[in-house]
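The data block below is input-v1.tsv; it holds TSV, N, CA, C and O atoms.
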```tsv
chain	number	residue	atom	x	y	z
A	1	MET	N	84.68	-58.82	-87.29
A	1	MET	CA	84.49	-58.54	-88.71
A	1	MET	C	85.01	-59.74	-89.51
A	1	MET	O	86.01	-60.36	-89.14
A	2	ASN	N	84.37	-60.00	-90.58
A	2	ASN	CA	84.75	-61.10	-91.46
A	2	ASN	C	86.13	-60.80	-92.06
A	2	ASN	O	86.38	-59.72	-92.60
A	3	MET	N	87.03	-61.76	-91.99
A	3	MET	CA	88.40	-61.56	-92.48
A	3	MET	C	88.43	-61.36	-94.00
A	3	MET	O	89.25	-60.61	-94.52
A	4	HIS	N	87.52	-62.03	-94.71
A	4	HIS	CA	87.46	-61.87	-96.16
A	4	HIS	C	87.08	-60.43	-96.53
A	4	HIS	O	87.69	-59.82	-97.41
A	5	ALA	N	86.10	-59.89	-95.85
A	5	ALA	CA	85.67	-58.51	-96.11
A	5	ALA	C	86.79	-57.53	-95.78
A	5	ALA	O	87.02	-56.57	-96.52
A	6	LEU	N	87.49	-57.77	-94.68
A	6	LEU	CA	88.60	-56.91	-94.30
A	6	LEU	C	89.71	-56.96	-95.35
A	6	LEU	O	90.26	-55.92	-95.73
A	7	ALA	N	90.00	-58.15	-95.85
A	7	ALA	CA	91.03	-58.28	-96.88
A	7	ALA	C	90.63	-57.55	-98.15
A	7	ALA	O	91.46	-56.88	-98.78
A	8	VAL	N	89.37	-57.64	-98.54
A	8	VAL	CA	88.89	-56.94	-99.74
A	8	VAL	C	89.02	-55.44	-99.57
A	8	VAL	O	89.50	-54.74	-100.47
A	9	VAL	N	88.63	-54.93	-98.41
A	9	VAL	CA	88.73	-53.49	-98.16
A	9	VAL	C	90.18	-53.03	-98.18
A	9	VAL	O	90.52	-52.00	-98.77
A	10	LEU	N	91.07	-53.78	-97.56
A	10	LEU	CA	92.49	-53.40	-97.53
A	10	LEU	C	93.11	-53.45	-98.93
A	10	LEU	O	93.89	-52.56	-99.29
A	11	ILE	N	92.76	-54.45	-99.72
A	11	ILE	CA	93.29	-54.54	-101.09
A	11	ILE	C	92.76	-53.38	-101.93
A	11	ILE	O	93.52	-52.76	-102.68
A	12	CYS	N	91.49	-53.08	-101.81
A	12	CYS	CA	90.92	-51.95	-102.55
A	12	CYS	C	91.59	-50.64	-102.15
A	12	CYS	O	91.88	-49.79	-103.00
A	13	ALA	N	91.83	-50.45	-100.87
A	13	ALA	CA	92.48	-49.23	-100.40
A	13	ALA	C	93.91	-49.15	-100.94
A	13	ALA	O	94.34	-48.08	-101.39
A	14	ALA	N	94.64	-50.25	-100.92
A	14	ALA	CA	96.02	-50.25	-101.43
A	14	ALA	C	96.06	-49.95	-102.92
A	14	ALA	O	96.90	-49.17	-103.39
A	15	VAL	N	95.15	-50.54	-103.68
A	15	VAL	CA	95.12	-50.29	-105.13
A	15	VAL	C	94.75	-48.84	-105.41
A	15	VAL	O	95.33	-48.20	-106.28
A	16	THR	N	93.80	-48.29	-104.66
A	16	THR	CA	93.41	-46.90	-104.85
A	16	THR	C	94.57	-45.96	-104.55
A	16	THR	O	94.84	-45.03	-105.32
A	17	ILE	N	95.26	-46.19	-103.46
A	17	ILE	CA	96.41	-45.35	-103.11
A	17	ILE	C	97.50	-45.48	-104.17
A	17	ILE	O	98.11	-44.48	-104.58
A	18	ALA	N	97.74	-46.68	-104.65
A	18	ALA	CA	98.77	-46.89	-105.68
A	18	ALA	C	98.43	-46.17	-106.97
A	18	ALA	O	99.29	-45.54	-107.59
A	19	THR	N	97.17	-46.23	-107.40
A	19	THR	CA	96.81	-45.56	-108.65
A	19	THR	C	96.83	-44.05	-108.50
A	19	THR	O	97.10	-43.34	-109.46
A	20	ARG	N	96.57	-43.55	-107.32
A	20	ARG	CA	96.65	-42.10	-107.09
A	20	ARG	C	98.10	-41.63	-107.05
A	20	ARG	O	98.42	-40.52	-107.48
A	21	ALA	N	99.00	-42.45	-106.54
A	21	ALA	CA	100.40	-42.06	-106.40
A	21	ALA	C	101.22	-42.31	-107.66
A	21	ALA	O	102.26	-41.68	-107.86
A	22	LEU	N	100.76	-43.21	-108.53
A	22	LEU	CA	101.54	-43.59	-109.70
A	22	LEU	C	101.91	-42.41	-110.61
A	22	LEU	O	103.08	-42.32	-111.03
A	23	PRO	N	101.03	-41.49	-110.93
A	23	PRO	CA	101.44	-40.36	-111.78
A	23	PRO	C	102.54	-39.52	-111.16
A	23	PRO	O	103.43	-39.03	-111.85
A	24	PHE	N	102.50	-39.34	-109.84
A	24	PHE	CA	103.52	-38.55	-109.18
A	24	PHE	C	104.87	-39.28	-109.17
A	24	PHE	O	105.92	-38.65	-109.29
A	25	VAL	N	104.82	-40.59	-109.07
A	25	VAL	CA	106.05	-41.37	-109.12
A	25	VAL	C	106.64	-41.34	-110.53
A	25	VAL	O	107.84	-41.16	-110.71
A	26	CYS	N	105.79	-41.49	-111.53
A	26	CYS	CA	106.27	-41.55	-112.92
A	26	CYS	C	106.68	-40.19	-113.46
A	26	CYS	O	107.67	-40.08	-114.19
A	27	PHE	N	105.90	-39.14	-113.15
A	27	PHE	CA	106.13	-37.84	-113.77
A	27	PHE	C	106.53	-36.76	-112.79
A	27	PHE	O	106.58	-35.59	-113.14
A	28	GLY	N	106.82	-37.11	-111.54
A	28	GLY	CA	107.17	-36.11	-110.55
A	28	GLY	C	108.60	-35.63	-110.70
A	28	GLY	O	109.38	-36.12	-111.52
A	29	GLY	N	108.93	-34.65	-109.91
A	29	GLY	CA	110.29	-34.12	-109.92
A	29	GLY	C	110.56	-33.25	-111.13
A	29	GLY	O	109.71	-32.51	-111.60
A	30	LYS	N	111.74	-33.37	-111.68
A	30	LYS	CA	112.15	-32.52	-112.79
A	30	LYS	C	111.76	-33.09	-114.15
A	30	LYS	O	111.85	-32.41	-115.16
A	31	ARG	N	111.33	-34.34	-114.16
A	31	ARG	CA	110.91	-34.93	-115.43
A	31	ARG	C	109.60	-34.31	-115.88
A	31	ARG	O	108.68	-34.13	-115.11
A	32	GLY	N	109.52	-34.03	-117.17
A	32	GLY	CA	108.28	-33.50	-117.73
A	32	GLY	C	107.35	-34.63	-118.15
A	32	GLY	O	107.75	-35.78	-118.29
A	33	VAL	N	106.11	-34.27	-118.36
A	33	VAL	CA	105.12	-35.23	-118.84
A	33	VAL	C	105.35	-35.46	-120.32
A	33	VAL	O	105.49	-34.50	-121.09
A	34	PRO	N	105.44	-36.71	-120.77
A	34	PRO	CA	105.66	-36.98	-122.19
A	34	PRO	C	104.56	-36.38	-123.07
A	34	PRO	O	103.41	-36.23	-122.65
A	35	ARG	N	104.93	-36.06	-124.30
A	35	ARG	CA	103.97	-35.43	-125.22
A	35	ARG	C	102.78	-36.34	-125.50
A	35	ARG	O	101.67	-35.87	-125.67
A	36	LEU	N	103.00	-37.65	-125.54
A	36	LEU	CA	101.90	-38.58	-125.77
A	36	LEU	C	100.87	-38.50	-124.66
A	36	LEU	O	99.65	-38.45	-124.91
A	37	VAL	N	101.32	-38.43	-123.43
A	37	VAL	CA	100.41	-38.34	-122.29
A	37	VAL	C	99.69	-37.00	-122.30
A	37	VAL	O	98.48	-36.92	-122.02
A	38	GLN	N	100.37	-35.92	-122.65
A	38	GLN	CA	99.73	-34.62	-122.77
A	38	GLN	C	98.67	-34.63	-123.86
A	38	GLN	O	97.57	-34.10	-123.69
A	39	SER	N	98.99	-35.26	-124.97
A	39	SER	CA	98.03	-35.35	-126.08
A	39	SER	C	96.80	-36.16	-125.67
A	39	SER	O	95.67	-35.78	-125.97
A	40	LEU	N	97.02	-37.27	-124.98
A	40	LEU	CA	95.89	-38.07	-124.50
A	40	LEU	C	95.05	-37.29	-123.50
A	40	LEU	O	93.82	-37.42	-123.48
A	41	GLY	N	95.69	-36.49	-122.68
A	41	GLY	CA	94.97	-35.67	-121.71
A	41	GLY	C	94.07	-34.63	-122.36
A	41	GLY	O	93.06	-34.23	-121.80
A	42	ARG	N	94.45	-34.18	-123.56
A	42	ARG	CA	93.62	-33.22	-124.28
A	42	ARG	C	92.52	-33.89	-125.09
A	42	ARG	O	91.43	-33.34	-125.23
A	43	THR	N	92.78	-35.06	-125.66
A	43	THR	CA	91.83	-35.67	-126.59
A	43	THR	C	90.87	-36.67	-125.94
A	43	THR	O	89.75	-36.82	-126.43
A	44	LEU	N	91.28	-37.34	-124.89
A	44	LEU	CA	90.42	-38.37	-124.31
A	44	LEU	C	89.14	-37.83	-123.63
A	44	LEU	O	88.08	-38.43	-123.82
A	45	PRO	N	89.19	-36.76	-122.85
A	45	PRO	CA	87.94	-36.30	-122.23
A	45	PRO	C	86.82	-35.99	-123.22
A	45	PRO	O	85.70	-36.47	-123.04
A	46	PRO	N	87.07	-35.24	-124.31
A	46	PRO	CA	85.97	-35.04	-125.27
A	46	PRO	C	85.54	-36.33	-125.96
A	46	PRO	O	84.35	-36.53	-126.23
A	47	ALA	N	86.48	-37.23	-126.22
A	47	ALA	CA	86.12	-38.50	-126.86
A	47	ALA	C	85.26	-39.36	-125.94
A	47	ALA	O	84.29	-39.98	-126.38
A	48	ILE	N	85.58	-39.37	-124.65
A	48	ILE	CA	84.79	-40.13	-123.69
A	48	ILE	C	83.40	-39.52	-123.55
A	48	ILE	O	82.39	-40.24	-123.51
A	49	MET	N	83.31	-38.20	-123.51
A	49	MET	CA	82.01	-37.54	-123.43
A	49	MET	C	81.17	-37.84	-124.66
A	49	MET	O	79.96	-38.08	-124.55
A	50	ALA	N	81.78	-37.83	-125.83
A	50	ALA	CA	81.05	-38.16	-127.06
A	50	ALA	C	80.53	-39.59	-127.02
A	50	ALA	O	79.38	-39.86	-127.40
A	51	ALA	N	81.35	-40.51	-126.54
A	51	ALA	CA	80.91	-41.90	-126.43
A	51	ALA	C	79.75	-42.03	-125.43
A	51	ALA	O	78.80	-42.79	-125.66
A	52	LEU	N	79.81	-41.29	-124.33
A	52	LEU	CA	78.72	-41.32	-123.35
A	52	LEU	C	77.43	-40.74	-123.92
A	52	LEU	O	76.34	-41.25	-123.65
A	53	VAL	N	77.54	-39.68	-124.71
A	53	VAL	CA	76.34	-39.10	-125.33
A	53	VAL	C	75.71	-40.10	-126.29
A	53	VAL	O	74.49	-40.31	-126.28
A	54	VAL	N	76.53	-40.75	-127.10
A	54	VAL	CA	76.01	-41.75	-128.03
A	54	VAL	C	75.36	-42.89	-127.26
A	54	VAL	O	74.26	-43.34	-127.61
A	55	TYR	N	75.99	-43.34	-126.21
A	55	TYR	CA	75.44	-44.43	-125.40
A	55	TYR	C	74.11	-44.02	-124.76
A	55	TYR	O	73.15	-44.81	-124.74
A	56	CYS	N	74.04	-42.81	-124.23
A	56	CYS	CA	72.82	-42.37	-123.56
A	56	CYS	C	71.66	-42.15	-124.53
A	56	CYS	O	70.50	-42.35	-124.18
A	57	LEU	N	71.96	-41.72	-125.74
A	57	LEU	CA	70.91	-41.40	-126.70
A	57	LEU	C	70.65	-42.52	-127.71
A	57	LEU	O	69.83	-42.35	-128.60
A	58	LYS	N	71.31	-43.66	-127.57
A	58	LYS	CA	71.15	-44.73	-128.55
A	58	LYS	C	69.77	-45.35	-128.54
A	58	LYS	O	69.30	-45.84	-129.55
A	59	GLY	N	69.07	-45.31	-127.43
A	59	GLY	CA	67.77	-45.92	-127.34
A	59	GLY	C	66.62	-44.94	-127.50
A	59	GLY	O	65.47	-45.29	-127.25
A	60	VAL	N	66.91	-43.71	-127.89
A	60	VAL	CA	65.86	-42.70	-128.03
A	60	VAL	C	65.02	-43.02	-129.26
A	60	VAL	O	65.54	-43.15	-130.36
A	61	PRO	N	63.70	-43.15	-129.07
A	61	PRO	CA	62.83	-43.43	-130.23
A	61	PRO	C	62.63	-42.17	-131.06
A	61	PRO	O	62.43	-41.09	-130.52
A	62	PHE	N	62.65	-42.31	-132.36
A	62	PHE	CA	62.45	-41.17	-133.26
A	62	PHE	C	61.30	-41.44	-134.23
A	62	PHE	O	61.32	-40.98	-135.36
A	63	GLY	N	60.27	-42.18	-133.79
A	63	GLY	CA	59.15	-42.51	-134.67
A	63	GLY	C	58.32	-41.29	-135.03
A	63	GLY	O	57.96	-41.09	-136.18
A	64	THR	N	57.99	-40.47	-134.03
A	64	THR	CA	57.22	-39.25	-134.27
A	64	THR	C	57.97	-38.08	-133.65
A	64	THR	O	59.00	-38.26	-133.00
A	65	ALA	N	57.41	-36.89	-133.83
A	65	ALA	CA	58.08	-35.70	-133.30
A	65	ALA	C	58.14	-35.72	-131.77
A	65	ALA	O	59.09	-35.21	-131.18
A	66	ALA	N	57.13	-36.30	-131.12
A	66	ALA	CA	57.10	-36.31	-129.65
A	66	ALA	C	58.02	-37.38	-129.05
A	66	ALA	O	58.43	-37.27	-127.90
A	67	ASP	N	58.32	-38.42	-129.83
A	67	ASP	CA	59.18	-39.49	-129.32
A	67	ASP	C	60.59	-38.97	-129.08
A	67	ASP	O	61.21	-38.37	-129.94
A	68	GLY	N	61.09	-39.18	-127.90
A	68	GLY	CA	62.47	-38.81	-127.60
A	68	GLY	C	62.70	-37.34	-127.37
A	68	GLY	O	63.83	-36.91	-127.17
A	69	MET	N	61.64	-36.53	-127.41
A	69	MET	CA	61.81	-35.09	-127.26
A	69	MET	C	62.34	-34.73	-125.88
A	69	MET	O	63.15	-33.83	-125.73
A	70	LYS	N	61.90	-35.47	-124.85
A	70	LYS	CA	62.35	-35.17	-123.49
A	70	LYS	C	63.85	-35.39	-123.35
A	70	LYS	O	64.56	-34.56	-122.77
A	71	GLN	N	64.35	-36.48	-123.90
A	71	GLN	CA	65.79	-36.76	-123.84
A	71	GLN	C	66.59	-35.72	-124.62
A	71	GLN	O	67.64	-35.27	-124.16
A	72	LEU	N	66.09	-35.36	-125.78
A	72	LEU	CA	66.82	-34.38	-126.60
A	72	LEU	C	66.81	-33.00	-125.97
A	72	LEU	O	67.82	-32.27	-126.04
A	73	ILE	N	65.70	-32.61	-125.35
A	73	ILE	CA	65.65	-31.31	-124.66
A	73	ILE	C	66.66	-31.29	-123.51
A	73	ILE	O	67.41	-30.33	-123.35
A	74	ALA	N	66.67	-32.35	-122.71
A	74	ALA	CA	67.61	-32.41	-121.58
A	74	ALA	C	69.05	-32.41	-122.08
A	74	ALA	O	69.91	-31.73	-121.50
A	75	ALA	N	69.35	-33.13	-123.15
A	75	ALA	CA	70.71	-33.15	-123.70
A	75	ALA	C	71.10	-31.78	-124.23
A	75	ALA	O	72.24	-31.34	-124.04
A	76	ALA	N	70.17	-31.08	-124.86
A	76	ALA	CA	70.46	-29.74	-125.37
A	76	ALA	C	70.73	-28.77	-124.22
A	76	ALA	O	71.62	-27.91	-124.31
A	77	VAL	N	69.98	-28.89	-123.12
A	77	VAL	CA	70.20	-28.03	-121.96
A	77	VAL	C	71.57	-28.31	-121.35
A	77	VAL	O	72.30	-27.37	-120.99
A	78	VAL	N	71.95	-29.57	-121.25
A	78	VAL	CA	73.27	-29.92	-120.73
A	78	VAL	C	74.35	-29.29	-121.60
A	78	VAL	O	75.30	-28.67	-121.09
A	79	ALA	N	74.23	-29.43	-122.91
A	79	ALA	CA	75.24	-28.87	-123.83
A	79	ALA	C	75.29	-27.35	-123.73
A	79	ALA	O	76.38	-26.76	-123.66
A	80	ALA	N	74.13	-26.72	-123.72
A	80	ALA	CA	74.11	-25.25	-123.65
A	80	ALA	C	74.69	-24.73	-122.35
A	80	ALA	O	75.48	-23.77	-122.34
A	81	LEU	N	74.30	-25.35	-121.23
A	81	LEU	CA	74.85	-24.92	-119.94
A	81	LEU	C	76.35	-25.13	-119.86
A	81	LEU	O	77.08	-24.30	-119.31
A	82	HIS	N	76.82	-26.24	-120.43
A	82	HIS	CA	78.26	-26.49	-120.36
A	82	HIS	C	79.04	-25.50	-121.23
A	82	HIS	O	80.10	-25.02	-120.83
A	83	VAL	N	78.51	-25.17	-122.39
A	83	VAL	CA	79.18	-24.18	-123.24
A	83	VAL	C	79.15	-22.81	-122.57
A	83	VAL	O	80.13	-22.07	-122.61
A	84	TRP	N	78.03	-22.49	-121.92
A	84	TRP	CA	77.88	-21.18	-121.30
A	84	TRP	C	78.71	-21.03	-120.04
A	84	TRP	O	79.45	-20.06	-119.88
A	85	ARG	N	78.62	-22.00	-119.11
A	85	ARG	CA	79.26	-21.85	-117.81
A	85	ARG	C	80.54	-22.65	-117.61
A	85	ARG	O	81.27	-22.42	-116.66
A	86	ARG	N	80.78	-23.66	-118.46
A	86	ARG	CA	81.96	-24.53	-118.32
A	86	ARG	C	82.02	-25.18	-116.94
A	86	ARG	O	83.09	-25.32	-116.35
A	87	ASN	N	80.85	-25.56	-116.43
A	87	ASN	CA	80.76	-26.19	-115.11
A	87	ASN	C	80.07	-27.54	-115.29
A	87	ASN	O	78.85	-27.60	-115.51
A	88	THR	N	80.83	-28.61	-115.21
A	88	THR	CA	80.30	-29.94	-115.46
A	88	THR	C	79.22	-30.30	-114.46
A	88	THR	O	78.17	-30.85	-114.83
A	89	LEU	N	79.44	-30.02	-113.19
A	89	LEU	CA	78.46	-30.36	-112.16
A	89	LEU	C	77.13	-29.63	-112.41
A	89	LEU	O	76.05	-30.24	-112.32
A	90	LEU	N	77.21	-28.37	-112.74
A	90	LEU	CA	75.99	-27.59	-113.02
A	90	LEU	C	75.27	-28.14	-114.23
A	90	LEU	O	74.05	-28.35	-114.20
A	91	SER	N	75.97	-28.38	-115.32
A	91	SER	CA	75.32	-28.81	-116.55
A	91	SER	C	74.69	-30.19	-116.40
A	91	SER	O	73.54	-30.40	-116.79
A	92	ILE	N	75.41	-31.14	-115.82
A	92	ILE	CA	74.86	-32.48	-115.66
A	92	ILE	C	73.74	-32.48	-114.62
A	92	ILE	O	72.69	-33.11	-114.82
A	93	GLY	N	73.91	-31.77	-113.53
A	93	GLY	CA	72.87	-31.71	-112.51
A	93	GLY	C	71.59	-31.06	-113.02
A	93	GLY	O	70.49	-31.58	-112.80
A	94	ALA	N	71.72	-29.95	-113.72
A	94	ALA	CA	70.54	-29.27	-114.25
A	94	ALA	C	69.87	-30.12	-115.33
A	94	ALA	O	68.63	-30.19	-115.39
A	95	GLY	N	70.66	-30.75	-116.19
A	95	GLY	CA	70.08	-31.61	-117.22
A	95	GLY	C	69.35	-32.80	-116.64
A	95	GLY	O	68.26	-33.16	-117.10
A	96	THR	N	69.92	-33.40	-115.60
A	96	THR	CA	69.27	-34.53	-114.94
A	96	THR	C	67.97	-34.08	-114.26
A	96	THR	O	66.94	-34.75	-114.38
A	97	ALA	N	68.02	-32.95	-113.56
A	97	ALA	CA	66.82	-32.44	-112.89
A	97	ALA	C	65.73	-32.11	-113.93
A	97	ALA	O	64.55	-32.44	-113.72
A	98	LEU	N	66.12	-31.50	-115.03
A	98	LEU	CA	65.15	-31.17	-116.07
A	98	LEU	C	64.54	-32.44	-116.67
A	98	LEU	O	63.33	-32.53	-116.87
A	99	TYR	N	65.35	-33.43	-116.93
A	99	TYR	CA	64.84	-34.68	-117.48
A	99	TYR	C	63.87	-35.35	-116.51
A	99	TYR	O	62.81	-35.84	-116.90
A	100	MET	N	64.23	-35.37	-115.23
A	100	MET	CA	63.33	-35.96	-114.23
A	100	MET	C	62.01	-35.20	-114.18
A	100	MET	O	60.94	-35.80	-114.02
A	101	LEU	N	62.06	-33.88	-114.30
A	101	LEU	CA	60.84	-33.08	-114.33
A	101	LEU	C	60.03	-33.39	-115.60
A	101	LEU	O	58.81	-33.55	-115.53
A	102	LEU	N	60.68	-33.48	-116.73
A	102	LEU	CA	59.98	-33.72	-118.00
A	102	LEU	C	59.30	-35.09	-118.05
A	102	LEU	O	58.21	-35.20	-118.60
A	103	ILE	N	59.91	-36.10	-117.47
A	103	ILE	CA	59.28	-37.42	-117.54
A	103	ILE	C	58.12	-37.53	-116.55
A	103	ILE	O	57.30	-38.43	-116.67
A	104	ARG	N	58.02	-36.62	-115.61
A	104	ARG	CA	56.90	-36.62	-114.67
A	104	ARG	C	55.70	-35.84	-115.23
A	104	ARG	O	54.60	-35.97	-114.71
A	105	LEU	N	55.91	-35.02	-116.23
A	105	LEU	CA	54.81	-34.22	-116.80
A	105	LEU	C	54.00	-35.01	-117.79
A	105	LEU	O	54.40	-35.84	-118.49
```

Show how you would write the structure in this file as structure tokens.
Amino acid sequence: MNMHALAVVLICAAVTIATRALPFVCFGGKRGVPRLVQSLGRTLPPAIMAALVVYCLKGVPFGTAADGMKQLIAAAVVAALHVWRRNTLLSIGAGTALYMLLIRL
């Protein structure tokens, strides 16, 4: 095996293990999680999802009623399923499958 490739794999594995263990090292034991980190844990996921929605829909054409309808229908299904079931895998998977079906029609 190429030594360079082996070194890259080992470094990636070490960094992955370190990032997975870091929260337990910093906040483990009897120490509580700081309020700032708790606040970020509540606010960042919706903010990131909003940014992803804007990014995904930024190129949708709105010239006529039919333009962009497939993307908007799929996005509405994702939102509705997520509000209904609170299952991210289900909502994103169903929305992706629906969009793939719509662009084939």

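The spacing separating CA of Arg104 (chain A) from CA of Gln71 (chain A) amounts to 12.8 Å.
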
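Of note, atom N of Gly95 (chain A) and atom O of Ile73 (chain A) are spaced 7.9 Å apart.
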
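Our summary of the geometry notes that CA of Val33 (chain A) is positioned 18.7 Å from CA of Ala18 (chain A).
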
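When all atoms listed in the file are used to compute distances to Val77 (chain A), the closest of the residues A:Ile92, A:Ala51, A:Met3, A:Met100 turns out to be A:Ile92.
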